[in-house]
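Shown next, in structure tokens, is the structure this report addresses.
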Amino acid sequence: MKQVTLGTTGQSVSAMCLGCMYLGTKVDEARSFELLDAYLDAGGTFLDTANCYAFWVPGGTGNESEELLGRWMKSRGNRAKVFLATKIGARPAASSGAPEGLAAKVIGKAVDDSLRRLGTDAIDLLYTHIVDHSTPLEETLEALDRLVRQGKVRFTGCSNELAWRVERARALSRSNGWASFCGVQNRFTYLRPKAGAVLPQVCIDEELQDYAARTGEVTLLAYSPLLGGAYAREEAAIPGEYATSDSRVRWKALSDVARDRGLPRGTVVLAWLMAGPHPFIPLVAASTPAQLRENLEADRVVLDAQCLRDLTEAAG
């Protein structure tokens, strides 16, 4: 699998990251191990989880994904081969059920708990999972820097953030000599949501793309790139938040490229994300080995300049 550099860290990571949200809940342990083994066999090393996955599944607590990854790495003895990312901040607090947030004392405990569940001494990439407006940004960033200095975390990033807050956080980190965000993980796909659409997560918008491209210091990571399998179905399956005249034009452009190349539309979407004008690291997930193989096939797809222009410039 191709490798890319994470921000300006000098750290190489897989060009496609395996999302592990439902491993241990919707996907049982045996199948989860099979998927993880297949991803590593394909040359992948970048695993993504969170300390709250997946508490909303009936019977789930939020411990499942991290604990499963810990058992898998222990059974395989492969921790050194894995670049491990997790997130903190969105886990429901035991006292209130509200997100735990990003106060310094919460961060310290959350990371210690994640390290225990994962069975490791250090997290390679730690994201803030949400925005915590009740905690000063300086407090959060200083706490993250302390973890880096302690060796419990190697790199830091953020998720579900807007461009101006990313720049504000990085400016504070620069001025204080703290560890700085090297990656931003938000929702993103080929189709563009309608103006004013209410989505459960924050999307990568043009401002954030422009910021990342101009600075060259932050890697953008795209979750939900396949819209829950919508690209594998017919045009009528476009989610309502994306059902616009623009999406219909882009759907046609995507379908034309997929037909001409003899590829699934989802594979083309992933290839476009990795090779477009502002390359992304897509997070892919699967519940079967066949789904995983189809997703990983995008790593071997090369879209020529005309295909990229046709896809990128399509608008309605």
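Chain labels run A, B, ... following the order of the structure tokens; each chain numbers its residues from 1, and ligands are numbered from 1 in the order shown.
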If we count only C-alpha atoms and set the cut-off at 6 Å, which residues sit around Cys17 (chain A), ignoring sequence neighbours fewer than 3 positions away in its own chain? Please answer as a count of residues only. 3
Can you pull out every residue within 12 Å of Ile88 (chain A), counting only C-alpha atoms, but drop anything in the same chain fewer than 5 positions away, and send it as number ranges by chain? A: 49-53, 62, 66, 93, 99-104, 106-115, 123, 125-132, 140, 144, 156-159
Please produce a file of the residues just selected, as a PDB file, in the first residue's frame, where the atoms kept are C-alpha atoms.
ATOM      1  CA  THR A  49     -10.568   4.039  16.670  1.00  0.00           C
ATOM      2  CA  ALA A  50     -11.935   6.104  19.583  1.00  0.00           C
ATOM      3  CA  ASN A  51     -12.498   5.666  23.295  1.00  0.00           C
ATOM      4  CA  CYS A  52     -16.276   5.699  22.752  1.00  0.00           C
ATOM      5  CA  TYR A  53     -16.696   3.087  19.970  1.00  0.00           C
ATOM      6  CA  GLY A  62     -17.550   2.356  24.282  1.00  0.00           C
ATOM      7  CA  GLU A  66     -10.010  -0.313  21.769  1.00  0.00           C
ATOM      8  CA  ALA A  93     -19.492  10.780  31.141  1.00  0.00           C
ATOM      9  CA  PRO A  99     -19.659  13.984  26.304  1.00  0.00           C
ATOM     10  CA  GLU A 100     -16.692  13.806  28.668  1.00  0.00           C
ATOM     11  CA  GLY A 101     -15.117  16.892  27.069  1.00  0.00           C
ATOM     12  CA  LEU A 102     -11.538  18.061  26.852  1.00  0.00           C
ATOM     13  CA  ALA A 103     -10.614  19.446  30.267  1.00  0.00           C
ATOM     14  CA  ALA A 104      -7.049  18.657  31.342  1.00  0.00           C
ATOM     15  CA  VAL A 106     -10.423  14.413  31.757  1.00  0.00           C
ATOM     16  CA  ILE A 107      -7.785  14.121  29.029  1.00  0.00           C
ATOM     17  CA  GLY A 108      -5.220  12.603  31.374  1.00  0.00           C
ATOM     18  CA  LYS A 109      -7.587   9.919  32.641  1.00  0.00           C
ATOM     19  CA  ALA A 110      -9.036   9.222  29.193  1.00  0.00           C
ATOM     20  CA  VAL A 111      -5.609   8.580  27.716  1.00  0.00           C
ATOM     21  CA  ASP A 112      -4.539   6.342  30.600  1.00  0.00           C
ATOM     22  CA  ASP A 113      -7.736   4.344  30.148  1.00  0.00           C
ATOM     23  CA  SER A 114      -7.178   4.072  26.376  1.00  0.00           C
ATOM     24  CA  LEU A 115      -3.597   2.923  26.881  1.00  0.00           C
ATOM     25  CA  ILE A 123      -0.733   6.206  21.219  1.00  0.00           C
ATOM     26  CA  LEU A 125      -1.926   9.771  16.991  1.00  0.00           C
ATOM     27  CA  LEU A 126      -4.403  11.191  19.501  1.00  0.00           C
ATOM     28  CA  TYR A 127      -7.330  13.245  18.212  1.00  0.00           C
ATOM     29  CA  THR A 128      -9.668  15.533  20.055  1.00  0.00           C
ATOM     30  CA  HIS A 129     -12.984  14.038  18.940  1.00  0.00           C
ATOM     31  CA  ILE A 130     -15.301  17.009  19.417  1.00  0.00           C
ATOM     32  CA  VAL A 131     -15.332  20.730  20.172  1.00  0.00           C
ATOM     33  CA  ASP A 132     -15.578  21.450  23.898  1.00  0.00           C
ATOM     34  CA  THR A 140      -6.731  21.332  26.152  1.00  0.00           C
ATOM     35  CA  LEU A 144      -2.088  17.272  25.034  1.00  0.00           C
ATOM     36  CA  THR A 156      -1.859  15.053  18.026  1.00  0.00           C
ATOM     37  CA  GLY A 157      -4.743  15.914  15.736  1.00  0.00           C
ATOM     38  CA  CYS A 158      -8.362  17.011  15.871  1.00  0.00           C
ATOM     39  CA  SER A 159     -11.666  15.798  14.507  1.00  0.00           C
TER      40      SER A 159
END
Would you please give, as a ChimeraX atom specification, all residues of region 83-260 of chain A that DSSP assigns to helix (DSSP H, G or I) based on the backbone? /A:104-118,137-150,163-176,206-215,227-232,235-237,240-242,245-260
Would you pick out the contacts of Glu34 (chain A) at 10 Å or less, using only C-alpha atoms, so that residues sharing its chain but fewer than 5 positions from it are not included, and give the list as a PyMOL selection string? chain A and resi 29+39+72+288-289
If you count only C-alpha atoms, which residues fall within 9 Å of region 303-312 of chain A, apart from same-chain ones fewer than 5 positions away, as a ChimeraX atom specification? /A:190,250,253-254,257,268,271-272,275-277
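Relative to CA of Phe188 (chain A), CA of His133 (chain A) is found at 23.5 Å.
CA of Val13 (chain A) sits 16.9 Å away from CA of Ala285 (chain A).
The two atoms in question, CA of Ala314 (chain A) and CA of Gln3 (chain A), are spaced 28.4 Å apart.
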Give the strand (DSSP E or B) residues of region 124-313 of chain A, as assigned by DSSP on the backbone, as a count of residues only. 29
Fewer than 5 positions away in the same chain doesn't count, so skip those; otherwise give me all residues within 9 Å of Arg187 (chain A), counting only C-alpha atoms, as a count of residues only. 11
